[in-house]
file run-v5.txt (compact mmCIF, C-alpha atoms and all ligand atoms)
# COMPACT_ATOMS: atom_id res chain seq x y z
CA MET A 1 -27.93 -29.23 44.38
CA VAL A 2 -26.61 -27.85 41.11
CA GLN A 3 -25.08 -30.44 38.85
CA SER A 4 -22.67 -29.31 36.16
CA LEU A 5 -23.40 -30.46 32.63
CA THR A 6 -20.45 -31.27 30.38
CA LYS A 7 -20.47 -30.38 26.68
CA GLU A 8 -20.85 -34.12 25.90
CA ASP A 9 -23.91 -34.40 28.18
CA PHE A 10 -25.42 -31.39 26.53
CA THR A 11 -24.73 -32.63 23.00
CA SER A 12 -26.18 -36.05 23.64
CA ALA A 13 -29.21 -34.62 25.46
CA THR A 14 -29.97 -32.23 22.62
CA SER A 15 -29.44 -34.90 19.98
CA ARG A 16 -31.85 -37.19 21.84
CA LEU A 17 -34.42 -34.43 22.02
CA LEU A 18 -33.99 -32.79 18.67
CA GLY A 19 -32.44 -35.44 16.46
CA PHE A 20 -29.17 -36.03 14.70
CA LYS A 21 -29.39 -33.09 12.30
CA PHE A 22 -29.42 -30.59 15.11
CA ARG A 23 -26.51 -32.36 16.82
CA ARG A 24 -24.41 -32.13 13.65
CA CYS A 25 -25.22 -28.47 13.35
CA PHE A 26 -24.21 -27.98 16.98
CA ILE A 27 -20.89 -29.73 16.41
CA ILE A 28 -20.18 -27.65 13.32
CA GLU A 29 -20.89 -24.49 15.32
CA GLU A 30 -18.59 -25.76 18.05
CA GLU A 31 -15.84 -26.39 15.53
CA GLU A 32 -16.40 -22.95 14.05
CA GLU A 33 -16.25 -21.42 17.53
CA ALA A 34 -13.04 -23.32 18.33
CA LYS A 35 -11.56 -22.10 15.05
CA ARG A 36 -12.49 -18.54 15.92
CA SER A 37 -10.88 -18.79 19.38
CA THR A 38 -7.68 -20.22 17.89
CA GLU A 39 -7.59 -17.34 15.42
CA ALA A 40 -7.92 -14.95 18.33
CA MET A 41 -5.08 -16.63 20.22
CA LYS A 42 -2.68 -16.11 17.35
CA VAL A 43 -2.50 -12.37 18.03
CA PRO A 44 0.96 -11.75 19.42
CA GLN A 45 0.70 -10.47 22.97
CA VAL A 46 3.82 -8.37 22.41
CA MET A 47 1.90 -6.23 19.98
CA SER A 48 0.60 -3.81 22.62
CA MET A 49 1.85 -0.23 22.75
CA LYS A 50 4.26 0.84 25.47
CA GLY A 51 2.17 1.37 28.61
CA GLY A 52 2.51 3.72 31.59
CA VAL A 53 3.20 7.44 31.49
CA GLY A 54 7.01 7.39 31.09
CA GLN A 55 8.95 9.20 28.39
CA ASN A 56 8.77 6.25 25.95
CA SER A 57 5.11 5.47 26.66
CA TYR A 58 2.32 5.63 24.09
CA THR A 59 0.70 8.17 26.44
CA ASN A 60 3.50 10.62 25.67
CA ASN A 61 4.13 9.62 22.07
CA SER A 62 0.85 9.43 20.25
CA SER A 63 0.71 12.94 18.81
CA ILE A 64 0.75 11.70 15.20
CA GLN A 65 -2.36 9.58 15.78
CA ASN A 66 -3.86 12.51 17.68
CA ILE A 67 -3.47 14.77 14.62
CA GLY A 68 -5.05 12.04 12.46
CA ILE A 69 -8.08 11.54 14.73
CA SER A 70 -8.63 15.34 14.82
CA GLN A 71 -8.81 15.34 11.04
CA LEU A 72 -11.65 12.82 11.12
CA LYS A 73 -13.81 14.58 13.71
CA HIS A 74 -16.31 15.59 11.03
CA LEU A 75 -16.97 11.92 10.17
CA ILE A 76 -17.42 11.00 13.83
CA ARG A 77 -19.84 13.90 14.42
CA GLU A 78 -21.81 13.18 11.28
CA ALA A 79 -22.28 9.53 12.23
CA ILE A 80 -23.20 10.20 15.87
CA LEU A 81 -25.59 13.03 15.06
CA ASP A 82 -27.23 10.92 12.42
CA LEU A 83 -27.80 8.17 14.98
CA TYR A 84 -28.92 10.58 17.71
CA SER A 85 -31.29 12.63 15.57
CA THR A 86 -32.88 9.98 13.42
CA THR A 87 -33.24 7.11 15.85
CA PHE A 88 -34.01 8.23 19.34
CA LEU A 89 -31.91 6.16 21.69
CA ASN A 90 -32.34 5.95 25.44
CA ASN A 91 -28.99 4.22 25.59
CA LEU A 92 -26.14 4.74 23.20
CA VAL A 93 -23.71 1.83 23.22
CA ILE A 94 -20.25 2.61 21.87
CA ALA A 95 -17.07 0.57 21.43
CA ASP A 96 -13.58 1.89 20.78
CA LEU A 97 -11.45 -0.94 19.42
CA GLY A 98 -7.68 -0.84 19.89
CA CYS A 99 -8.07 2.05 22.34
CA SER A 100 -4.49 1.71 23.68
CA SER A 101 -3.63 3.77 26.76
CA GLY A 102 -3.12 7.47 26.27
CA PRO A 103 -4.85 10.79 25.76
CA ASN A 104 -6.34 9.56 22.47
CA THR A 105 -8.30 6.85 24.32
CA PHE A 106 -10.93 9.39 25.43
CA MET A 107 -10.66 11.82 22.55
CA VAL A 108 -13.49 10.36 20.51
CA LEU A 109 -15.77 10.02 23.52
CA SER A 110 -15.27 13.73 24.32
CA GLU A 111 -16.16 14.58 20.73
CA ILE A 112 -19.30 12.42 20.90
CA ILE A 113 -20.47 14.02 24.14
CA GLU A 114 -19.88 17.55 22.78
CA ALA A 115 -21.82 16.73 19.61
CA ILE A 116 -24.75 15.25 21.55
CA ASP A 117 -24.81 18.20 23.92
CA GLU A 118 -24.99 20.71 21.05
CA ARG A 119 -27.70 18.83 19.17
CA LYS A 120 -29.73 18.34 22.34
CA ASN A 121 -29.87 22.12 22.81
CA GLU A 122 -30.67 22.84 19.16
CA CYS A 123 -33.46 20.27 18.84
CA ASN A 124 -34.60 19.92 22.43
CA LEU A 125 -33.89 16.18 22.44
CA PRO A 126 -33.62 14.10 25.64
CA LEU A 127 -30.12 13.01 26.72
CA PRO A 128 -29.25 9.35 26.17
CA GLU A 129 -27.18 7.40 28.68
CA ILE A 130 -23.87 6.39 27.14
CA PHE A 131 -22.22 3.04 27.68
CA VAL A 132 -18.64 2.78 26.41
CA TYR A 133 -16.53 -0.35 25.95
CA LEU A 134 -12.80 0.33 25.66
CA ASN A 135 -11.18 -2.63 23.92
CA ASP A 136 -7.58 -3.61 23.33
CA LEU A 137 -5.41 -6.70 23.60
CA PRO A 138 -5.08 -8.16 27.12
CA GLY A 139 -1.46 -6.90 27.31
CA ASN A 140 -2.66 -3.28 26.99
CA ASP A 141 -2.15 -1.02 30.00
CA PHE A 142 -5.79 -0.84 31.12
CA ASN A 143 -4.70 0.22 34.63
CA THR A 144 -3.30 3.52 33.37
CA ILE A 145 -6.50 4.12 31.37
CA PHE A 146 -8.66 3.85 34.46
CA HIS A 147 -6.22 5.35 37.00
CA THR A 148 -4.97 8.31 35.02
CA HIS A 149 -6.66 9.03 31.70
CA MET A 150 -10.25 8.51 32.80
CA ALA A 151 -9.89 10.99 35.69
CA ARG A 152 -8.45 13.59 33.26
CA PHE A 153 -11.26 12.94 30.83
CA TYR A 154 -13.90 13.66 33.49
CA GLU A 155 -12.02 16.76 34.70
CA ASN A 156 -11.83 18.18 31.16
CA LEU A 157 -15.43 17.34 30.48
CA MET A 158 -16.68 19.16 33.55
CA GLU A 159 -14.32 22.12 33.18
CA GLY A 160 -16.34 25.32 33.06
CA LYS A 161 -19.56 23.40 32.44
CA LYS A 162 -22.56 23.72 34.68
CA LYS A 163 -24.96 22.05 32.29
CA LYS A 164 -26.12 18.49 32.54
CA LEU A 165 -24.06 16.03 30.53
CA PRO A 166 -25.11 12.49 29.62
CA ASN A 167 -24.48 9.76 32.18
CA CYS A 168 -21.48 7.84 30.94
CA PHE A 169 -20.57 4.27 31.97
CA ILE A 170 -17.13 3.08 30.90
CA ALA A 171 -15.82 -0.50 30.89
CA GLY A 172 -12.64 -2.20 29.67
CA THR A 173 -12.96 -5.17 27.27
CA PRO A 174 -9.67 -7.02 26.81
CA GLY A 175 -9.51 -9.29 23.76
CA SER A 176 -8.75 -9.38 20.08
CA PHE A 177 -11.03 -7.58 17.67
CA TYR A 178 -10.42 -10.48 15.28
CA ALA A 179 -12.88 -12.44 17.44
CA ARG A 180 -16.34 -11.76 18.89
CA LEU A 181 -16.08 -9.29 21.79
CA PHE A 182 -19.65 -8.18 22.48
CA PRO A 183 -23.16 -9.67 22.61
CA MET A 184 -25.15 -9.87 19.37
CA ARG A 185 -26.83 -6.68 18.13
CA THR A 186 -25.84 -4.43 21.01
CA LEU A 187 -23.50 -1.78 19.57
CA HIS A 188 -24.75 1.45 18.00
CA PHE A 189 -21.42 3.04 17.24
CA VAL A 190 -17.94 1.56 16.74
CA HIS A 191 -14.75 3.54 16.42
CA SER A 192 -11.25 2.29 15.77
CA SER A 193 -8.28 4.51 15.00
CA TYR A 194 -4.92 3.31 13.73
CA SER A 195 -5.48 -0.25 14.91
CA VAL A 196 -7.01 -2.43 12.18
CA HIS A 197 -3.84 -2.17 10.08
CA TRP A 198 -2.24 -4.41 12.77
CA LEU A 199 -2.67 -7.97 11.51
CA SER A 200 -3.73 -10.95 13.59
CA GLN A 201 -0.34 -12.56 12.95
CA VAL A 202 2.80 -12.32 10.82
CA PRO A 203 1.57 -13.67 7.44
CA PRO A 204 2.42 -17.40 7.66
CA GLY A 205 3.94 -17.68 4.18
CA LEU A 206 6.74 -15.28 5.14
CA GLU A 207 8.20 -17.69 7.60
CA ASP A 208 9.47 -20.25 5.09
CA GLU A 209 11.97 -22.91 6.24
CA THR A 210 14.91 -20.74 5.27
CA GLY A 211 13.54 -17.46 6.65
CA GLN A 212 14.98 -15.89 3.51
CA LEU A 213 11.85 -14.78 1.71
CA ASN A 214 12.01 -11.21 3.02
CA LYS A 215 15.70 -11.26 3.87
CA GLY A 216 17.05 -8.02 5.32
CA LYS A 217 13.61 -6.42 5.50
CA ILE A 218 10.98 -6.22 8.21
CA TYR A 219 8.00 -5.25 6.06
CA ILE A 220 7.13 -4.91 2.35
CA SER A 221 9.92 -2.92 0.74
CA ALA A 222 10.53 -1.66 -2.79
CA ILE A 223 12.91 -4.59 -3.36
CA SER A 224 10.92 -7.38 -1.64
CA PRO A 225 9.89 -10.19 -4.05
CA PRO A 226 6.26 -9.70 -5.27
CA CYS A 227 5.08 -12.71 -3.26
CA VAL A 228 5.88 -10.79 -0.04
CA PHE A 229 3.32 -8.14 -0.95
CA GLU A 230 0.79 -10.82 -1.97
CA THR A 231 1.27 -12.66 1.32
CA TYR A 232 0.73 -9.51 3.37
CA LEU A 233 -2.29 -8.48 1.27
CA LYS A 234 -3.88 -11.93 1.67
CA GLN A 235 -3.50 -11.79 5.45
CA PHE A 236 -4.98 -8.28 5.56
CA GLN A 237 -7.96 -9.32 3.41
CA LYS A 238 -8.65 -12.28 5.66
CA ASP A 239 -8.28 -10.28 8.88
CA PHE A 240 -10.23 -7.22 7.81
CA SER A 241 -13.02 -9.38 6.45
CA GLN A 242 -13.26 -11.22 9.80
CA PHE A 243 -13.18 -7.91 11.64
CA LEU A 244 -16.19 -6.72 9.62
CA ARG A 245 -18.03 -10.00 10.04
CA PHE A 246 -17.71 -10.01 13.83
CA ARG A 247 -18.70 -6.33 14.07
CA SER A 248 -21.72 -6.95 11.85
CA GLU A 249 -22.89 -9.57 14.37
CA GLU A 250 -22.38 -7.20 17.29
CA MET A 251 -23.87 -4.04 15.77
CA VAL A 252 -27.52 -3.10 15.41
CA THR A 253 -28.93 -2.58 11.93
CA GLY A 254 -28.17 1.02 10.94
CA GLY A 255 -25.29 1.16 13.46
CA ARG A 256 -22.35 3.34 12.41
CA MET A 257 -18.63 2.62 12.35
CA ILE A 258 -15.65 4.94 11.76
CA LEU A 259 -12.21 3.47 11.07
CA SER A 260 -8.89 5.12 10.38
CA PHE A 261 -5.81 3.57 8.84
CA ALA A 262 -2.26 4.56 8.09
CA GLY A 263 -2.70 3.97 4.38
CA ARG A 264 -0.80 3.66 1.16
CA LYS A 265 -1.08 5.46 -2.16
CA SER A 266 -2.86 3.44 -4.84
CA GLY A 267 -0.44 1.78 -7.22
CA ARG A 268 2.43 1.61 -4.72
CA LYS A 269 3.22 -1.74 -3.19
CA GLU A 270 5.64 -0.81 -0.49
CA TYR A 271 5.15 1.81 2.02
CA CYS A 272 5.31 2.53 5.61
CA TYR A 273 7.70 5.37 6.24
CA SER A 274 8.48 4.39 9.86
CA PHE A 275 9.31 0.81 8.90
CA ILE A 276 11.59 1.88 6.04
CA ILE A 277 13.59 3.91 8.55
CA LEU A 278 13.43 1.15 11.15
CA THR A 279 14.76 -1.35 8.59
CA GLN A 280 17.66 0.95 7.77
CA ALA A 281 18.44 1.48 11.47
CA LEU A 282 18.38 -2.31 12.06
CA LYS A 283 20.67 -2.89 9.06
CA ASP A 284 23.11 -0.35 10.50
CA MET A 285 22.99 -2.26 13.80
CA VAL A 286 23.81 -5.48 11.88
CA SER A 287 26.78 -3.89 10.11
CA GLN A 288 28.06 -2.55 13.44
CA GLY A 289 27.76 -6.04 14.96
CA PHE A 290 25.05 -5.22 17.52
CA VAL A 291 22.41 -7.41 15.86
CA GLU A 292 22.80 -10.82 14.19
CA GLU A 293 21.88 -10.83 10.51
CA ALA A 294 19.76 -13.98 10.93
CA LYS A 295 17.73 -12.22 13.63
CA LEU A 296 16.92 -9.40 11.23
CA ASP A 297 16.03 -11.87 8.45
CA SER A 298 13.54 -13.70 10.65
CA PHE A 299 11.73 -10.56 11.87
CA ASN A 300 8.60 -9.36 10.07
CA ILE A 301 6.03 -6.90 11.35
CA PRO A 302 2.36 -8.02 11.46
CA TYR A 303 1.11 -4.84 9.83
CA PHE A 304 -0.38 -3.78 6.51
CA SER A 305 -1.06 -0.25 5.21
CA PRO A 306 -3.95 -0.69 2.75
CA CYS A 307 -4.84 1.60 -0.15
CA VAL A 308 -8.38 2.83 -0.80
CA GLU A 309 -9.14 0.16 -3.43
CA GLU A 310 -8.06 -2.70 -1.15
CA LEU A 311 -10.32 -1.41 1.64
CA LYS A 312 -13.29 -0.97 -0.71
CA ASP A 313 -12.77 -4.43 -2.13
CA VAL A 314 -12.94 -6.17 1.28
CA ILE A 315 -15.92 -4.06 2.45
CA ASP A 316 -17.73 -4.87 -0.80
CA ARG A 317 -17.06 -8.59 -0.72
CA GLU A 318 -17.82 -9.05 2.96
CA ASN A 319 -21.12 -7.25 2.28
CA SER A 320 -22.40 -6.40 5.80
CA PHE A 321 -21.77 -2.64 5.61
CA ASP A 322 -22.66 0.24 3.30
CA LEU A 323 -19.66 2.42 2.61
CA ASP A 324 -20.84 5.99 3.28
CA ARG A 325 -17.52 7.72 2.82
CA ILE A 326 -13.88 6.95 2.32
CA GLU A 327 -11.43 9.85 2.62
CA ARG A 328 -7.70 10.20 2.10
CA PHE A 329 -5.92 12.76 4.19
CA ASP A 330 -2.34 13.66 5.07
CA VAL A 331 -1.03 13.92 8.58
CA VAL A 332 1.21 16.93 8.23
CA LEU A 333 3.93 16.73 10.81
CA ASP A 334 4.97 20.29 10.09
CA ALA A 335 2.07 21.09 12.40
CA CYS A 336 4.46 20.11 15.21
CA VAL A 337 6.95 22.79 14.18
CA GLU A 338 6.71 26.28 15.63
CA ASP A 339 6.99 28.48 12.54
CA ARG A 340 5.44 26.64 9.61
CA GLU A 341 6.00 29.52 7.22
CA LYS A 342 9.80 29.20 7.39
CA PRO A 343 11.73 26.39 5.68
CA CYS A 344 12.49 23.48 7.99
CA SER A 345 15.54 24.39 10.11
CA GLU A 346 18.00 21.82 11.49
CA ALA A 347 16.26 22.18 14.87
CA ASP A 348 12.85 21.50 13.28
CA LYS A 349 14.20 18.46 11.43
CA TYR A 350 15.56 17.14 14.70
CA LYS A 351 12.22 17.76 16.38
CA ILE A 352 10.28 15.92 13.68
CA GLY A 353 12.85 13.08 13.65
CA SER A 354 12.38 12.85 17.39
CA ILE A 355 8.56 12.72 17.18
CA MET A 356 8.83 9.94 14.56
CA GLU A 357 11.35 8.07 16.67
CA LYS A 358 9.33 8.21 19.86
CA GLY A 359 6.06 7.40 18.08
CA THR A 360 7.59 4.36 16.37
CA ARG A 361 9.31 3.23 19.56
CA ALA A 362 6.08 3.39 21.58
CA MET A 363 4.40 1.21 18.92
CA THR A 364 7.12 -1.37 18.38
CA GLU A 365 9.24 -1.52 21.54
CA GLU A 366 7.51 -4.58 23.03
CA MET A 367 7.81 -6.49 19.74
CA LEU A 368 11.43 -5.52 19.11
CA ALA A 369 12.49 -6.25 22.69
CA SER A 370 10.98 -9.73 22.54
CA HIS A 371 12.79 -10.57 19.28
CA PHE A 372 16.12 -8.70 19.52
CA GLY A 373 16.41 -8.07 23.29
CA MET A 374 15.92 -4.88 25.33
CA GLU A 375 19.57 -3.90 25.25
CA ILE A 376 19.63 -2.79 21.61
CA LEU A 377 16.70 -0.40 21.85
CA ASP A 378 18.38 2.87 22.89
CA LYS A 379 21.07 2.59 20.23
CA LEU A 380 18.59 1.47 17.58
CA PHE A 381 16.24 4.40 18.13
CA GLN A 382 19.07 6.90 18.35
CA ARG A 383 20.00 5.78 14.82
CA PHE A 384 16.32 5.89 13.82
CA ARG A 385 16.11 9.54 14.89
CA GLU A 386 19.21 10.46 12.89
CA ILE A 387 17.87 8.84 9.72
CA ALA A 388 14.36 10.26 10.19
CA SER A 389 15.73 13.80 10.64
CA GLU A 390 17.88 13.50 7.51
CA ARG A 391 15.22 11.99 5.27
CA TRP A 392 12.17 13.79 6.48
CA HIS A 393 11.77 16.19 3.58
CA ASP A 394 12.00 13.48 0.91
CA GLU A 395 9.31 11.42 2.54
CA GLN A 396 6.72 13.61 4.15
CA ASP A 397 4.21 13.49 1.31
CA ASN A 398 3.92 9.79 1.98
CA LEU A 399 2.18 9.90 5.35
CA LEU A 400 -1.16 9.10 3.79
CA ASN A 401 -4.09 8.24 6.04
CA ILE A 402 -7.51 6.86 5.22
CA GLY A 403 -10.79 7.42 7.05
CA VAL A 404 -13.78 5.14 6.45
CA SER A 405 -17.40 5.69 7.48
CA LEU A 406 -19.70 2.64 7.37
CA THR A 407 -23.32 1.78 8.17
CA ARG A 408 -24.44 -1.70 9.21
CA LYS A 409 -26.70 -2.88 6.39
CA HIS A 410 -30.34 -3.89 6.75
CA LEU A 411 -29.92 -7.55 5.83
C1 LIG A 501 -1.37 2.64 17.27
S1 LIG A 501 -2.37 2.08 18.56
C2 LIG A 501 -3.79 3.13 18.33
C3 LIG A 501 -4.37 3.55 19.65
C4 LIG A 501 -5.48 4.58 19.60
N1 LIG A 501 -6.66 4.04 18.95
C5 LIG A 501 -5.01 5.83 18.90
O1 LIG A 501 -5.51 6.12 17.81
O2 LIG A 501 -4.14 6.52 19.43
C6 LIG A 501 -2.97 0.50 18.00
C7 LIG A 501 -3.67 -0.27 19.10
O3 LIG A 501 -4.32 -1.40 18.50
C8 LIG A 501 -4.20 -2.47 19.41
N2 LIG A 501 -4.42 -3.74 18.70
C9 LIG A 501 -3.66 -4.30 17.73
N3 LIG A 501 -4.19 -5.48 17.34
C10 LIG A 501 -5.31 -5.65 18.08
C11 LIG A 501 -6.30 -6.67 18.14
N4 LIG A 501 -6.23 -7.76 17.36
N5 LIG A 501 -7.32 -6.53 19.00
C12 LIG A 501 -7.43 -5.44 19.80
N6 LIG A 501 -6.52 -4.44 19.78
C13 LIG A 501 -5.47 -4.53 18.94
C14 LIG A 501 -2.78 -2.33 19.94
O4 LIG A 501 -2.60 -3.06 21.13
C15 LIG A 501 -2.71 -0.82 20.12
O5 LIG A 501 -3.05 -0.42 21.40

call {"tool": "encode", "arguments": {"input": "run-v5.txt", "output": "structure tokens", "more": "lines below"}}
Ligand SMILES: C[S@@+](CC[C@H](N)C(=O)[O-])C[C@H]1O[C@@H](n2cnc3c(N)ncnc32)[C@H](O)[C@@H]1O
result
Amino acid sequence: MVQSLTKEDFTSATSRLLGFKFRRCFIIEEEEEAKRSTEAMKVPQVMSMKGGVGQNSYTNNSSIQNIGISQLKHLIREAILDLYSTTFLNNLVIADLGCSSGPNTFMVLSEIIEAIDERKNECNLPLPEIFVYLNDLPGNDFNTIFHTHMARFYENLMEGKKKKLPNCFIAGTPGSFYARLFPMRTLHFVHSSYSVHWLSQVPPGLEDETGQLNKGKIYISAISPPCVFETYLKQFQKDFSQFLRFRSEEMVTGGRMILSFAGRKSGRKEYCYSFIILTQALKDMVSQGFVEEAKLDSFNIPYFSPCVEELKDVIDRENSFDLDRIERFDVVLDACVEDREKPCSEADKYKIGSIMEKGTRAMTEEMLASHFGMEILDKLFQRFREIASERWHDEQDNLLNIGVSLTRKHL
């Protein structure tokens, strides 16, 4: 018969066997573990992107992120080829954190397989087997990943190819990346695009008793009091540092990690173009009587666009990773317009406004619906599109992105 052992039984048995010191250490670890799980539970479940394959889904509205990931392909290739060529691996274990549900979910994996295939032919290397963990919050639409996007990924991969490709095993891992997700020292390569700028929670200091600290704004704005920026920065530093610490436990020494962020220019405190427009659209809804002012005052987005120095500072202080490269790049939305040589026509402005609107809606709909109610969304985003189309040309140099390439240190 198997008898279950409670935590108390186990603690007292170990303390009897190994003495009080060990027991204390065990309790401290337990407390630490409990603290970690509580941190993980703080992540708002409404933070997930809009699932499914409908017109407002992330599947159909992630072209901006897609352009960004394409611009970092060279970093991904460099890291994978370095791993593949210098350390022969029978098994390559990869995790994509904050994979969401859309065509971008498999984009990096396709790139990795292509790169391995090319290098294998050049250097006559054996093929590794690839194990991929796709991670996102439990509210993410994992069903659509495995029903729809995975089948397309395999179809595209096999298209026109007769050659042997690596065996690929793909699994979903629901959970917050601000907690441990994988066994110790198992990951060779970690990728995360446009996800780690989502915080684990709305910075607690913002929700003062009056709810007035960031009144009329939903994020850091040019006219927010300085303490709003400090509060957001502090939360980001804490979260990103934890993210690195947990990954350093899960990754092998020499393992590689590529991260991308929607970033901010150094020296500027405010900035996230989409949220500036969203704030304006919400204010317009307040003045038209569709949204209560107090509701707007109590809404803040758990998000932080870091600048290069802030990223370097956390990576440096946390100290588990060598920073191989950090690159700034622009996501040029003009790429979505047919004739890029001509000045932006009214039709082009509308098109770009519409891409911004749909992209922002897919990212924030769940959050907005849970705070303001579903019924305001169509009107709100119609207004968003109008503002985005009008203001596009003043703002487009501000869509700064940052790519980071890291190696797990030999500690
Ligand atoms: C903008 S999407 C990026 C999706 C995809 N990587 C891409 O580049 O298109 C951000 C994703 O991060 C996920 N996310 C945010 N916070 C997270 C957390 N703490 N743990 C895991 N995933 C998280 C969201 O649910 C969302 O799917």

call {"tool": "closest_residue", "arguments": {"input": "run-v5.txt", "among": "A:Leu380, A:Met150, A:Leu157, A:Leu89", "to": "Leu278 (chain A)", "atoms": "only C-alpha atoms"}}
result
A:Leu380

call {"tool": "axis_aligned_box", "arguments": {"input": "run-v5.txt", "around": "ligand LIG 501 (chain A)", "padding_each_side": "3 Å", "output": "JSON"}}
result
{"center_x": -4.4, "center_y": -0.6, "center_z": 19.3, "size_x": 12.1, "size_y": 20.3, "size_z": 10.1}

call {"tool": "residues_near_ligand", "arguments": {"input": "run-v5.txt", "ligand": "ligand LIG 501 (chain A)", "cutoff": "6 Å", "atoms": "only C-alpha atoms and all ligand atoms", "output": "ChimeraX atom specification"}}
result
/A:43,47-49,62,65,98-100,104-105,136-137,140,175-178,192-195,198,200

call {"tool": "closest_residue", "arguments": {"input": "run-v5.txt", "among": "A:Gly52, A:Ile315, A:Ile352, A:Ile326", "to": "His147 (chain A)", "atoms": "only C-alpha atoms"}}
result
A:Gly52

call {"tool": "residues_near_point", "arguments": {"input": "run-v5.txt", "point": "(-12.2, -11.0, 15.2)", "cutoff": "9 Å", "atoms": "only C-alpha atoms", "output": "PDB file with C-alpha atoms, in the coordinates of the input"}}
result
ATOM      1  CA  ARG A  36     -12.490 -18.540  15.920  1.00  0.00           C
ATOM      2  CA  SER A  37     -10.880 -18.790  19.380  1.00  0.00           C
ATOM      3  CA  GLU A  39      -7.590 -17.340  15.420  1.00  0.00           C
ATOM      4  CA  ALA A  40      -7.920 -14.950  18.330  1.00  0.00           C
ATOM      5  CA  SER A 176      -8.750  -9.380  20.080  1.00  0.00           C
ATOM      6  CA  PHE A 177     -11.030  -7.580  17.670  1.00  0.00           C
ATOM      7  CA  TYR A 178     -10.420 -10.480  15.280  1.00  0.00           C
ATOM      8  CA  ALA A 179     -12.880 -12.440  17.440  1.00  0.00           C
ATOM      9  CA  ARG A 180     -16.340 -11.760  18.890  1.00  0.00           C
ATOM     10  CA  LEU A 181     -16.080  -9.290  21.790  1.00  0.00           C
ATOM     11  CA  SER A 200      -3.730 -10.950  13.590  1.00  0.00           C
ATOM     12  CA  ASP A 239      -8.280 -10.280   8.880  1.00  0.00           C
ATOM     13  CA  PHE A 240     -10.230  -7.220   7.810  1.00  0.00           C
ATOM     14  CA  SER A 241     -13.020  -9.380   6.450  1.00  0.00           C
ATOM     15  CA  GLN A 242     -13.260 -11.220   9.800  1.00  0.00           C
ATOM     16  CA  PHE A 243     -13.180  -7.910  11.640  1.00  0.00           C
ATOM     17  CA  LEU A 244     -16.190  -6.720   9.620  1.00  0.00           C
ATOM     18  CA  ARG A 245     -18.030 -10.000  10.040  1.00  0.00           C
ATOM     19  CA  PHE A 246     -17.710 -10.010  13.830  1.00  0.00           C
ATOM     20  CA  ARG A 247     -18.700  -6.330  14.070  1.00  0.00           C
TER      21      ARG A 247
END

call {"tool": "residues_around", "arguments": {"input": "run-v5.txt", "residues": "Asn90 (chain A)", "least_positions_apart": "4", "cutoff": "10 Å", "atoms": "only C-alpha atoms", "output": "ChimeraX atom specification"}}
result
/A:84,126-130

call {"tool": "write_last_selection", "arguments": {"input": "run-v5.txt", "atoms": "C-alpha atoms", "output": "PDB file, keeping the file's coordinate frame"}}
result
ATOM      1  CA  TYR A  84     -28.920  10.580  17.710  1.00  0.00           C
ATOM      2  CA  PRO A 126     -33.620  14.100  25.640  1.00  0.00           C
ATOM      3  CA  LEU A 127     -30.120  13.010  26.720  1.00  0.00           C
ATOM      4  CA  PRO A 128     -29.250   9.350  26.170  1.00  0.00           C
ATOM      5  CA  GLU A 129     -27.180   7.400  28.680  1.00  0.00           C
ATOM      6  CA  ILE A 130     -23.870   6.390  27.140  1.00  0.00           C
TER       7      ILE A 130
END

call {"tool": "atom_distance", "arguments": {"input": "run-v5.txt", "atom1": "CA of Gln382 (chain A)", "atom2": "CA of Ala369 (chain A)"}}
result
15.3 Å

call {"tool": "atom_distance", "arguments": {"input": "run-v5.txt", "atom1": "CA of Ile76 (chain A)", "atom2": "CA of Ser405 (chain A)"}}
result
8.3 Å

call {"tool": "closest_residue", "arguments": {"input": "run-v5.txt", "among": "A:Lys358, A:His197, A:Arg256, A:Lys312", "to": "Ser63 (chain A)", "atoms": "all atoms listed in the file"}}
result
A:Lys358

call {"tool": "atom_distance", "arguments": {"input": "run-v5.txt", "atom1": "CA of Ile145 (chain A)", "atom2": "CA of Arg361 (chain A)"}}
result
19.8 Å

call {"tool": "residues_around", "arguments": {"input": "run-v5.txt", "residues": "Lys217 (chain A)", "least_positions_apart": "2", "cutoff": "10 Å", "atoms": "only C-alpha atoms", "output": "VMD selection string"}}
result
chain A and resid 212 to 215 219 to 221 223 to 224 275 to 276 278 to 280 282 to 283 296 to 301

call {"tool": "closest_residue", "arguments": {"input": "run-v5.txt", "among": "A:Arg383, A:Arg325, A:Lys164, A:Lys349", "to": "Ile116 (chain A)", "atoms": "all atoms listed in the file"}}
result
A:Lys164

call {"tool": "residues_around", "arguments": {"input": "run-v5.txt", "residues": "Leu72 (chain A)", "least_positions_apart": "5", "cutoff": "10 Å", "atoms": "all atoms listed in the file", "output": "short mmCIF file (atom, residue, chain, number, x, y, z; two decimals) with C-alpha atoms, keeping the file's coordinate frame"}}
result
data_model
loop_
_atom_site.label_atom_id
_atom_site.label_comp_id
_atom_site.auth_asym_id
_atom_site.auth_seq_id
_atom_site.Cartn_x
_atom_site.Cartn_y
_atom_site.Cartn_z
CA ILE A 67 -3.47 14.77 14.62
CA ARG A 77 -19.84 13.90 14.42
CA VAL A 108 -13.49 10.36 20.51
CA SER A 193 -8.28 4.51 15.00
CA ILE A 258 -15.65 4.94 11.76
CA LEU A 259 -12.21 3.47 11.07
CA SER A 260 -8.89 5.12 10.38
CA GLU A 327 -11.43 9.85 2.62
CA PHE A 329 -5.92 12.76 4.19
CA ILE A 402 -7.51 6.86 5.22
CA GLY A 403 -10.79 7.42 7.05
CA VAL A 404 -13.78 5.14 6.45
CA SER A 405 -17.40 5.69 7.48
#
